[in-house]
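Chemist: I'm passing along data_25.pdb; it holds PDB, C-alpha atoms and all ligand atoms.
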```
ATOM      1  CA  MET O  18     188.914  95.939  21.630
ATOM      2  CA  ASN O  19     188.953  92.415  23.136
ATOM      3  CA  ILE O  20     186.239  92.051  25.832
ATOM      4  CA  GLY O  21     188.425  89.706  27.937
ATOM      5  CA  TYR O  22     191.196  92.319  27.985
ATOM      6  CA  LEU O  23     188.790  95.060  29.084
ATOM      7  CA  TYR O  24     187.314  92.819  31.825
ATOM      8  CA  ALA O  25     190.772  91.917  33.206
ATOM      9  CA  LYS O  26     191.941  95.527  33.029
ATOM     10  CA  ALA O  27     188.819  96.710  34.885
ATOM     11  CA  LEU O  28     189.398  94.084  37.619
ATOM     12  CA  LYS O  29     193.046  95.193  37.917
ATOM     13  CA  LYS O  30     191.962  98.803  38.383
ATOM     14  CA  LEU O  31     189.147  97.928  40.801
ATOM     15  CA  ARG O  32     191.655  96.626  43.377
ATOM     16  CA  GLY O  33     192.180 100.226  44.483
ATOM     17  CA  LYS O  34     195.247 101.620  46.193
ATOM     18  CA  CYS O  35     196.297 102.083  49.808
ATOM     19  CA  ILE O  36     197.329 105.635  50.695
ATOM     20  CA  LEU O  37     198.079 106.382  54.335
ATOM     21  CA  ASN O  38     199.414 109.572  56.038
ATOM     22  CA  SER O  39     200.633 110.867  52.700
ATOM     23  CA  HIS O  40     200.394 114.018  50.643
ATOM     24  CA  ILE O  41     199.818 113.200  46.994
ATOM     25  CA  ASP O  42     199.613 116.249  44.715
ATOM     26  CA  LYS O  43     196.242 116.349  42.985
ATOM     27  CA  SER O  44     197.936 116.168  39.583
ATOM     28  CA  ALA O  45     199.845 112.978  40.511
ATOM     29  CA  ILE O  46     198.551 109.495  39.644
ATOM     30  CA  VAL O  47     198.878 106.360  41.767
ATOM     31  CA  PHE O  48     197.775 103.180  39.966
ATOM     32  CA  SER O  49     195.942 100.363  41.683
ATOM     33  CA  GLY O  50     197.619  97.758  43.851
ATOM     34  CA  SER O  51     200.123 100.340  45.114
ATOM     35  CA  ASP O  52     200.710 101.349  48.742
ATOM     36  CA  VAL O  53     201.929 104.854  49.592
ATOM     37  CA  ILE O  54     202.612 105.267  53.316
ATOM     38  CA  ASP O  55     203.966 108.322  55.229
ATOM     39  CA  SER O  56     205.145 109.812  51.950
ATOM     40  CA  SER O  57     204.810 112.842  49.709
ATOM     41  CA  VAL O  58     204.406 112.800  45.932
ATOM     42  CA  GLY O  59     204.917 115.887  43.766
ATOM     43  CA  LYS O  60     203.209 117.340  40.708
ATOM     44  CA  TYR O  61     202.571 115.220  37.582
ATOM     45  CA  THR O  62     204.392 112.220  39.031
ATOM     46  CA  TYR O  63     202.922 108.805  38.368
ATOM     47  CA  ILE O  64     203.381 105.633  40.379
ATOM     48  CA  GLY O  65     202.599 102.426  38.475
ATOM     49  CA  TYR O  66     200.818  99.246  39.534
ATOM     50  CA  ASP O  67     201.758  97.242  42.639
ATOM     51  CA  CYS O  68     204.423  99.546  44.034
ATOM     52  CA  HIS O  69     205.267  99.851  47.716
ATOM     53  CA  ILE O  70     206.417 103.313  48.825
ATOM     54  CA  ASP O  71     207.172 103.835  52.499
ATOM     55  CA  LYS O  72     208.480 107.050  54.113
ATOM     56  CA  ALA O  73     209.632 108.618  50.866
ATOM     57  CA  ASP O  74     209.541 112.156  49.494
ATOM     58  CA  ILE O  75     209.134 111.985  45.736
ATOM     59  CA  GLY O  76     209.502 115.058  43.531
ATOM     60  CA  SER O  77     207.541 116.300  40.532
ATOM     61  CA  PHE O  78     207.467 114.930  36.959
ATOM     62  CA  CYS O  79     208.736 111.517  38.116
ATOM     63  CA  SER O  80     207.828 108.339  36.240
ATOM     64  CA  LEU O  81     207.678 105.230  38.391
ATOM     65  CA  SER O  82     206.985 101.963  36.616
ATOM     66  CA  ASP O  83     205.282  98.908  38.205
ATOM     67  CA  HIS O  84     206.411  96.668  41.097
ATOM     68  CA  ILE O  85     208.799  99.241  42.552
ATOM     69  CA  PHE O  86     209.764  98.943  46.214
ATOM     70  CA  ILE O  87     211.020 102.076  47.976
ATOM     71  CA  GLY O  88     212.093 102.374  51.565
ATOM     72  CA  GLY O  89     211.282  99.064  53.243
ATOM     73  CA  ALA O  90     212.099  98.612  56.929
ATOM     74  CA  GLU O  91     215.429  97.195  58.023
ATOM     75  CA  HIS O  92     215.778  94.819  60.977
ATOM     76  CA  PRO O  93     218.506  94.968  63.660
ATOM     77  CA  MET O  94     221.176  92.550  62.478
ATOM     78  CA  GLN O  95     223.462  92.970  65.516
ATOM     79  CA  TRP O  96     220.877  91.484  67.906
ATOM     80  CA  VAL O  97     220.488  87.750  68.546
ATOM     81  CA  SER O  98     217.397  87.788  66.348
ATOM     82  CA  THR O  99     216.116  90.049  63.570
ATOM     83  CA  SER O 100     212.478  89.009  64.288
ATOM     84  CA  PRO O 101     209.897  91.737  65.148
ATOM     85  CA  VAL O 102     208.572  89.613  68.042
ATOM     86  CA  PHE O 103     211.463  91.073  70.090
ATOM     87  CA  GLN O 104     211.034  94.661  68.874
ATOM     88  CA  LYS O 105     208.927  97.728  69.507
ATOM     89  CA  VAL O 106     208.880  99.440  66.156
ATOM     90  CA  LYS O 107     208.212 103.163  66.456
ATOM     91  CA  GLY O 108     204.936 104.189  64.850
ATOM     92  CA  VAL O 109     203.953 100.655  63.810
ATOM     93  CA  THR O 110     201.328  98.410  65.437
ATOM     94  CA  GLU O 111     202.292  94.898  66.595
ATOM     95  CA  ARG O 112     200.397  93.172  63.776
ATOM     96  CA  GLY O 113     201.649  95.793  61.323
ATOM     97  CA  SER O 114     205.221  94.932  62.235
ATOM     98  CA  GLY O 115     204.564  91.253  61.503
ATOM     99  CA  ALA O 116     204.607  90.113  65.154
ATOM    100  CA  SER O 117     201.775  87.765  66.258
ATOM    101  CA  ILE O 118     203.222  87.661  69.830
ATOM    102  CA  LYS O 119     205.618  89.902  71.792
ATOM    103  CA  LEU O 120     208.550  88.300  73.624
ATOM    104  CA  ALA O 121     210.301  91.641  74.276
ATOM    105  CA  ASN O 122     209.847  95.323  73.505
ATOM    106  CA  HIS O 123     213.282  96.594  72.562
ATOM    107  CA  GLU O 124     212.837  99.897  70.738
ATOM    108  CA  VAL O 125     214.198 100.017  67.236
ATOM    109  CA  GLU O 126     214.241 102.590  64.451
ATOM    110  CA  VAL O 127     213.721 100.575  61.289
ATOM    111  CA  PHE O 128     213.044 103.354  58.808
ATOM    112  CA  LYS O 129     214.926 106.360  57.452
ATOM    113  CA  ARG O 130     213.353 108.729  54.931
ATOM    114  CA  THR O 131     214.117 108.188  51.280
ATOM    115  CA  THR O 132     214.341 111.161  48.906
ATOM    116  CA  ILE O 133     213.634 111.025  45.180
ATOM    117  CA  GLY O 134     214.326 114.264  43.271
ATOM    118  CA  ASN O 135     212.357 115.763  40.396
ATOM    119  CA  ASP O 136     212.117 114.248  36.896
ATOM    120  CA  VAL O 137     213.378 110.833  38.051
ATOM    121  CA  TRP O 138     212.475 107.745  35.958
ATOM    122  CA  ILE O 139     212.438 104.460  37.875
ATOM    123  CA  GLY O 140     212.245 101.299  35.753
ATOM    124  CA  HIS O 141     210.242  98.154  36.390
ATOM    125  CA  ALA O 142     210.772  96.280  39.671
ATOM    126  CA  ALA O 143     213.556  98.481  41.026
ATOM    127  CA  VAL O 144     214.264  98.354  44.753
ATOM    128  CA  ILE O 145     215.505 101.465  46.569
ATOM    129  CA  ARG O 146     216.876 101.008  50.027
ATOM    130  CA  THR O 147     215.515 103.125  52.867
ATOM    131  CA  GLY O 148     217.441 106.381  53.488
ATOM    132  CA  ILE O 149     218.762 106.724  49.922
ATOM    133  CA  THR O 150     218.752 110.040  48.025
ATOM    134  CA  ILE O 151     218.209 109.958  44.272
ATOM    135  CA  GLY O 152     219.209 113.166  42.509
ATOM    136  CA  HIS O 153     217.071 115.141  40.051
ATOM    137  CA  GLY O 154     216.830 113.701  36.570
ATOM    138  CA  ALA O 155     218.320 110.313  37.487
ATOM    139  CA  VAL O 156     217.244 107.086  35.772
ATOM    140  CA  ILE O 157     217.049 103.810  37.696
ATOM    141  CA  GLY O 158     217.196 100.789  35.372
ATOM    142  CA  SER O 159     214.671  97.987  35.579
ATOM    143  CA  GLY O 160     215.483  95.423  38.258
ATOM    144  CA  ALA O 161     218.116  97.617  39.954
ATOM    145  CA  VAL O 162     218.775  97.373  43.671
ATOM    146  CA  VAL O 163     219.879 100.853  44.746
ATOM    147  CA  THR O 164     222.030 100.726  47.872
ATOM    148  CA  LYS O 165     223.890 104.068  47.551
ATOM    149  CA  ASP O 166     222.861 107.639  46.755
ATOM    150  CA  VAL O 167     222.477 108.342  43.026
ATOM    151  CA  PRO O 168     223.880 111.637  41.630
ATOM    152  CA  PRO O 169     221.629 113.932  39.551
ATOM    153  CA  TYR O 170     221.135 112.813  35.936
ATOM    154  CA  ALA O 171     222.997 109.518  36.448
ATOM    155  CA  ILE O 172     221.629 106.367  34.769
ATOM    156  CA  VAL O 173     222.170 103.406  37.085
ATOM    157  CA  GLY O 174     221.432  99.709  36.815
ATOM    158  CA  GLY O 175     222.222  96.297  38.252
ATOM    159  CA  ILE O 176     222.583  94.724  41.690
ATOM    160  CA  PRO O 177     223.979  96.625  43.468
ATOM    161  CA  ALA O 178     223.167  99.555  41.156
ATOM    162  CA  GLN O 179     226.202 101.103  39.428
ATOM    163  CA  ILE O 180     226.451 104.187  37.244
ATOM    164  CA  ILE O 181     226.081 103.216  33.561
ATOM    165  CA  ARG O 182     226.499 106.766  32.254
ATOM    166  CA  TYR O 183     225.065 110.278  32.673
ATOM    167  CA  ARG O 184     222.169 111.614  30.618
ATOM    168  CA  PHE O 185     224.033 114.809  29.680
ATOM    169  CA  ASP O 186     227.470 116.430  29.931
ATOM    170  CA  GLU O 187     228.496 118.088  33.205
ATOM    171  CA  GLN O 188     227.708 121.628  32.066
ATOM    172  CA  THR O 189     224.211 120.742  30.828
ATOM    173  CA  ILE O 190     223.473 118.902  34.077
ATOM    174  CA  ASP O 191     224.578 121.925  36.071
ATOM    175  CA  ARG O 192     222.359 124.226  33.967
ATOM    176  CA  LEU O 193     219.336 121.919  34.264
ATOM    177  CA  ILE O 194     219.703 121.764  38.038
ATOM    178  CA  ARG O 195     220.049 125.543  38.247
ATOM    179  CA  SER O 196     217.009 126.034  36.005
ATOM    180  CA  GLN O 197     214.757 124.133  38.429
ATOM    181  CA  TRP O 198     212.359 123.901  35.477
ATOM    182  CA  TRP O 199     210.098 121.599  37.492
ATOM    183  CA  GLU O 200     209.155 124.587  39.691
ATOM    184  CA  LEU O 201     208.100 126.826  36.791
ATOM    185  CA  PRO O 202     204.496 127.940  36.420
ATOM    186  CA  LEU O 203     202.558 125.843  33.922
ATOM    187  CA  ASP O 204     202.214 128.718  31.432
ATOM    188  CA  THR O 205     206.001 129.192  31.246
ATOM    189  CA  LEU O 206     206.526 125.445  30.970
ATOM    190  CA  LYS O 207     203.989 125.184  28.164
ATOM    191  CA  THR O 208     205.886 127.835  26.206
ATOM    192  CA  CYS O 209     209.255 126.113  26.731
ATOM    193  CA  ALA O 210     207.834 122.628  26.127
ATOM    194  CA  LYS O 211     208.261 123.019  22.362
ATOM    195  CA  HIS O 212     212.017 122.656  23.066
ATOM    196  CA  ILE O 213     211.780 119.699  25.468
ATOM    197  CA  THR O 214     213.527 117.466  22.901
ATOM    198  CA  ASP O 215     216.540 119.804  22.792
ATOM    199  CA  PRO O 216     218.020 120.523  26.255
ATOM    200  CA  ILE O 217     220.347 123.301  25.046
ATOM    201  CA  ARG O 218     217.567 125.162  23.212
ATOM    202  CA  PHE O 219     215.271 124.626  26.224
ATOM    203  CA  LEU O 220     217.845 126.162  28.599
ATOM    204  CA  GLU O 221     218.443 129.079  26.209
ATOM    205  CA  GLU O 222     214.708 129.750  26.140
ATOM    206  CA  LEU O 223     214.802 129.933  29.953
ATOM    207  CA  GLY O 224     217.861 132.231  29.848
ATOM    208  CA  ILE O 225     220.069 129.824  31.846
ATOM    209  CA  ASP O 226     223.818 130.197  30.957
TER     210      ASP O 226
HETATM  211  C1  LIG O 301     218.691 101.631  32.391
HETATM  212  C2  LIG O 301     218.173 101.902  30.980
HETATM  213  C3  LIG O 301     217.386 103.189  30.943
HETATM  214  C4  LIG O 301     219.454 102.027  30.142
HETATM  215  O1  LIG O 301     219.141 102.390  28.837
HETATM  216  P1  LIG O 301     220.357 102.698  27.778
HETATM  217  O2  LIG O 301     221.193 103.810  28.259
HETATM  218  O3  LIG O 301     219.706 102.807  26.449
HETATM  219  O4  LIG O 301     221.212 101.372  27.956
HETATM  220  P2  LIG O 301     222.026 100.517  26.888
HETATM  221  O5  LIG O 301     221.079  99.531  26.269
HETATM  222  O6  LIG O 301     222.806 101.426  25.979
HETATM  223  O7  LIG O 301     223.001  99.751  27.837
HETATM  224  C5  LIG O 301     224.174 100.340  28.399
HETATM  225  C6  LIG O 301     224.790  99.337  29.365
HETATM  226  O8  LIG O 301     223.958  99.247  30.525
HETATM  227  C7  LIG O 301     223.531  97.897  30.742
HETATM  228  N1  LIG O 301     222.148  97.971  31.223
HETATM  229  C8  LIG O 301     221.077  98.480  30.569
HETATM  230  N2  LIG O 301     219.990  98.378  31.322
HETATM  231  C9  LIG O 301     220.360  97.794  32.474
HETATM  232  C10 LIG O 301     219.651  97.415  33.640
HETATM  233  N3  LIG O 301     218.345  97.624  33.758
HETATM  234  N4  LIG O 301     220.345  96.836  34.622
HETATM  235  C11 LIG O 301     221.672  96.620  34.498
HETATM  236  N5  LIG O 301     222.395  96.961  33.421
HETATM  237  C12 LIG O 301     221.737  97.530  32.422
HETATM  238  C13 LIG O 301     223.650  97.240  29.366
HETATM  239  O9  LIG O 301     223.783  95.846  29.482
HETATM  240  C14 LIG O 301     224.874  97.906  28.827
HETATM  241  O10 LIG O 301     226.018  97.334  29.413
HETATM  242  P3  LIG O 301     227.429  97.200  28.596
HETATM  243  O11 LIG O 301     227.893  98.619  28.314
HETATM  244  O12 LIG O 301     228.314  96.478  29.556
HETATM  245  O13 LIG O 301     227.112  96.436  27.354
HETATM  246  C15 LIG O 301     217.255 100.781  30.429
HETATM  247  O14 LIG O 301     217.957  99.628  30.113
HETATM  248  C16 LIG O 301     216.148 100.405  31.423
HETATM  249  O15 LIG O 301     216.326  99.647  32.382
HETATM  250  N6  LIG O 301     214.956 100.995  31.188
HETATM  251  C17 LIG O 301     213.795 100.793  32.054
HETATM  252  C18 LIG O 301     212.660 100.190  31.224
HETATM  253  C19 LIG O 301     211.448  99.970  32.056
HETATM  254  O16 LIG O 301     211.499  99.460  33.160
HETATM  255  N7  LIG O 301     210.327 100.369  31.522
HETATM  256  C20 LIG O 301     209.070 100.227  32.228
HETATM  257  C21 LIG O 301     208.068 101.222  31.773
HETATM  258  S1  LIG O 301     208.355 102.841  32.436
END
```
With the file now loaded, output its structure as structure tokens.
Ligand SMILES: CC(C)(COP(=O)(O)OP(=O)(O)OC[C@H]1O[C@@H](n2cnc3c(N)ncnc32)[C@H](O)[C@@H]1OP(=O)(O)O)[C@@H](O)C(=O)NCCC(=O)NCCS

Modeler:
Amino acid sequence: MNIGYLYAKALKKLRGKCILNSHIDKSAIVFSGSDVIDSSVGKYTYIGYDCHIDKADIGSFCSLSDHIFIGGAEHPMQWVSTSPVFQKVKGVTERGSGASIKLANHEVEVFKRTTIGNDVWIGHAAVIRTGITIGHGAVIGSGAVVTKDVPPYAIVGGIPAQIIRYRFDEQTIDRLIRSQWWELPLDTLKTCAKHITDPIRFLEELGID
């Protein structure tokens, strides 16, 4: 393997990650350069390089690519100014809010919680607006800006994100949601995993009509 590649890769990893007030399952992976703040991350989920995740609850078995932005703050647009120098942002320090001086202290709620279901795949550089709910099994295309809730097993893309299609037919989606396979004990999952390429066979194995 090329020594230059290994050196650059090691430097990339050495940057570390910033995890604050968050519960990350011990089986989950957060790659370097990513921030995870006031969030929870479920089993076997991975979060790629240079992501920013703020006030989000992320399920299990999710695959998050690099440069994803979830749940950024929103500023009050109905005021004279949107600048944080006029705001008191709940739970955020002055510097943390981006204000080097304070000209007023009007309280503002800039965050809502964002919910990402289980088995969600989020493509490169997607942006998910604060307060959005993404259903189980959904796929968010690379570069999407998600401004509305995404139904389970929908594939969405674009700006603003629109539904491209669904991963499966309605009945299969309903069965997968009812199966809640992501909650199964590892031993059961290991047995069913031989059918992971065939949703119908997988659901039969679990006895889900
Ligand atoms: C969203 C995605 C999963 C769709 O895959 P697909 O179903 O095979 O899509 P198709 O290539 O059949 O395209 C279907 C339509 O969606 C559009 N489309 C596909 N990806 C899109 C995207 N990211 N944003 C907007 N539109 C997209 C296509 O242009 C096509 O439109 P048309 O029907 O008008 O021609 C895929 O394009 C994608 O973005 N994957 C993420 C890849 C990534 O980020 N990988 C990082 C490593 S995890």

Chemist: What are the nearest atom pairs, with distances in Å to one decimal, for all residues of chain O that come at most 6 Å from ligand LIG 301 (chain O), using all atoms listed in the file, set out by chain and rising residue number as a Markdown table?

Modeler:
```
| residue | atom | partner | partner_atom | distance |
| --- | --- | --- | --- | --- |
| O:Ser82 | CA | O:LIG301 | S1 | 4.5 |
| O:Gly140 | CA | O:LIG301 | O16 | 3.3 |
| O:His141 | CA | O:LIG301 | O16 | 3.7 |
| O:Ile157 | CA | O:LIG301 | C1 | 6.0 |
| O:Gly158 | CA | O:LIG301 | O15 | 3.3 |
| O:Ser159 | CA | O:LIG301 | O15 | 4.0 |
| O:Gly160 | CA | O:LIG301 | N3 | 5.8 |
| O:Ala161 | CA | O:LIG301 | N4 | 5.8 |
| O:Gly174 | CA | O:LIG301 | N4 | 3.8 |
| O:Gly175 | CA | O:LIG301 | C11 | 3.8 |
| O:Ile181 | CA | O:LIG301 | O8 | 5.4 |
```

Chemist: Can I get the selection written as a PDB file, in the frame of the given file, with C-alpha atoms?

Modeler:
```
ATOM      1  CA  SER O  82     206.985 101.963  36.616  1.00  0.00           C
ATOM      2  CA  GLY O 140     212.245 101.299  35.753  1.00  0.00           C
ATOM      3  CA  HIS O 141     210.242  98.154  36.390  1.00  0.00           C
ATOM      4  CA  ILE O 157     217.049 103.810  37.696  1.00  0.00           C
ATOM      5  CA  GLY O 158     217.196 100.789  35.372  1.00  0.00           C
ATOM      6  CA  SER O 159     214.671  97.987  35.579  1.00  0.00           C
ATOM      7  CA  GLY O 160     215.483  95.423  38.258  1.00  0.00           C
ATOM      8  CA  ALA O 161     218.116  97.617  39.954  1.00  0.00           C
ATOM      9  CA  GLY O 174     221.432  99.709  36.815  1.00  0.00           C
ATOM     10  CA  GLY O 175     222.222  96.297  38.252  1.00  0.00           C
ATOM     11  CA  ILE O 181     226.081 103.216  33.561  1.00  0.00           C
TER      12      ILE O 181
END
```

Chemist: Once the PyMOL selection byres (((chain O and resi 109) around 12) and not hetatm) has been applied to the shown file, what residues remain in the selection, as a ChimeraX atom specification?

Modeler: /O:54-55,90,101,104-108,110-116,124-128

Chemist: Scan for residues within 9 Å of the point (201.1, 118.9, 44.0) in the coordinates of the file, using only C-alpha atoms, and reply as a VMD selection string.

Modeler: chain O and resid 40 to 45 58 to 62 77

Chemist: Could the residues in this selection be written to a file with C-alpha atoms, as a PDB file, in the frame of the given file?

Modeler:
```pdb
ATOM      1  CA  HIS O  40     200.394 114.018  50.643  1.00  0.00           C
ATOM      2  CA  ILE O  41     199.818 113.200  46.994  1.00  0.00           C
ATOM      3  CA  ASP O  42     199.613 116.249  44.715  1.00  0.00           C
ATOM      4  CA  LYS O  43     196.242 116.349  42.985  1.00  0.00           C
ATOM      5  CA  SER O  44     197.936 116.168  39.583  1.00  0.00           C
ATOM      6  CA  ALA O  45     199.845 112.978  40.511  1.00  0.00           C
ATOM      7  CA  VAL O  58     204.406 112.800  45.932  1.00  0.00           C
ATOM      8  CA  GLY O  59     204.917 115.887  43.766  1.00  0.00           C
ATOM      9  CA  LYS O  60     203.209 117.340  40.708  1.00  0.00           C
ATOM     10  CA  TYR O  61     202.571 115.220  37.582  1.00  0.00           C
ATOM     11  CA  THR O  62     204.392 112.220  39.031  1.00  0.00           C
ATOM     12  CA  SER O  77     207.541 116.300  40.532  1.00  0.00           C
TER      13      SER O  77
END
```

Chemist: Evaluated on this file, the PyMOL selection byres (((chain O and resi 150) around 6) and not hetatm) picks out some residues - which ones are they, written as a PDB file with C-alpha atoms, in the coordinates of the input?

Modeler:
```pdb
ATOM      1  CA  THR O 131     214.117 108.188  51.280  1.00  0.00           C
ATOM      2  CA  THR O 132     214.341 111.161  48.906  1.00  0.00           C
ATOM      3  CA  ILE O 133     213.634 111.025  45.180  1.00  0.00           C
ATOM      4  CA  ILE O 149     218.762 106.724  49.922  1.00  0.00           C
ATOM      5  CA  ILE O 151     218.209 109.958  44.272  1.00  0.00           C
ATOM      6  CA  ASP O 166     222.861 107.639  46.755  1.00  0.00           C
TER       7      ASP O 166
END
```

Chemist: Quick one, how far is atom CA of O:Lys165 from atom CA of O:Val97?

Modeler: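 It comes out at 26.8 Å.
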
Chemist: Using all atoms listed in the file, list the residues that have an atom at most 8 Å from (202.7, 102.1, 38.3), coordinates as in the file, as a PyMOL selection string.

Modeler: chain O and resi 47-49+51+63-68+81-85

Chemist: Would you kindly return, as a VMD selection string, each protein, DNA or RNA residue with an atom no farther than 8 Å from any atom of stretch 204-212 of chain O, considering only C-alpha atoms and excluding same-chain residues fewer than 4 positions away?

Modeler: chain O and resid 198 216 218 to 219 222 to 223

Chemist: So how many Å separate atom CA of O:Thr147 and atom CA of O:Ser57, to one decimal?

Modeler: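 Separation of atom CA of O:Thr147 and atom CA of O:Ser57: 14.8 Å.
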
Chemist: Just give me the gap between atom CA of O:Gly21 and atom CA of O:Ile46 in Å, one decimal is fine.

Modeler: 25.1 Å
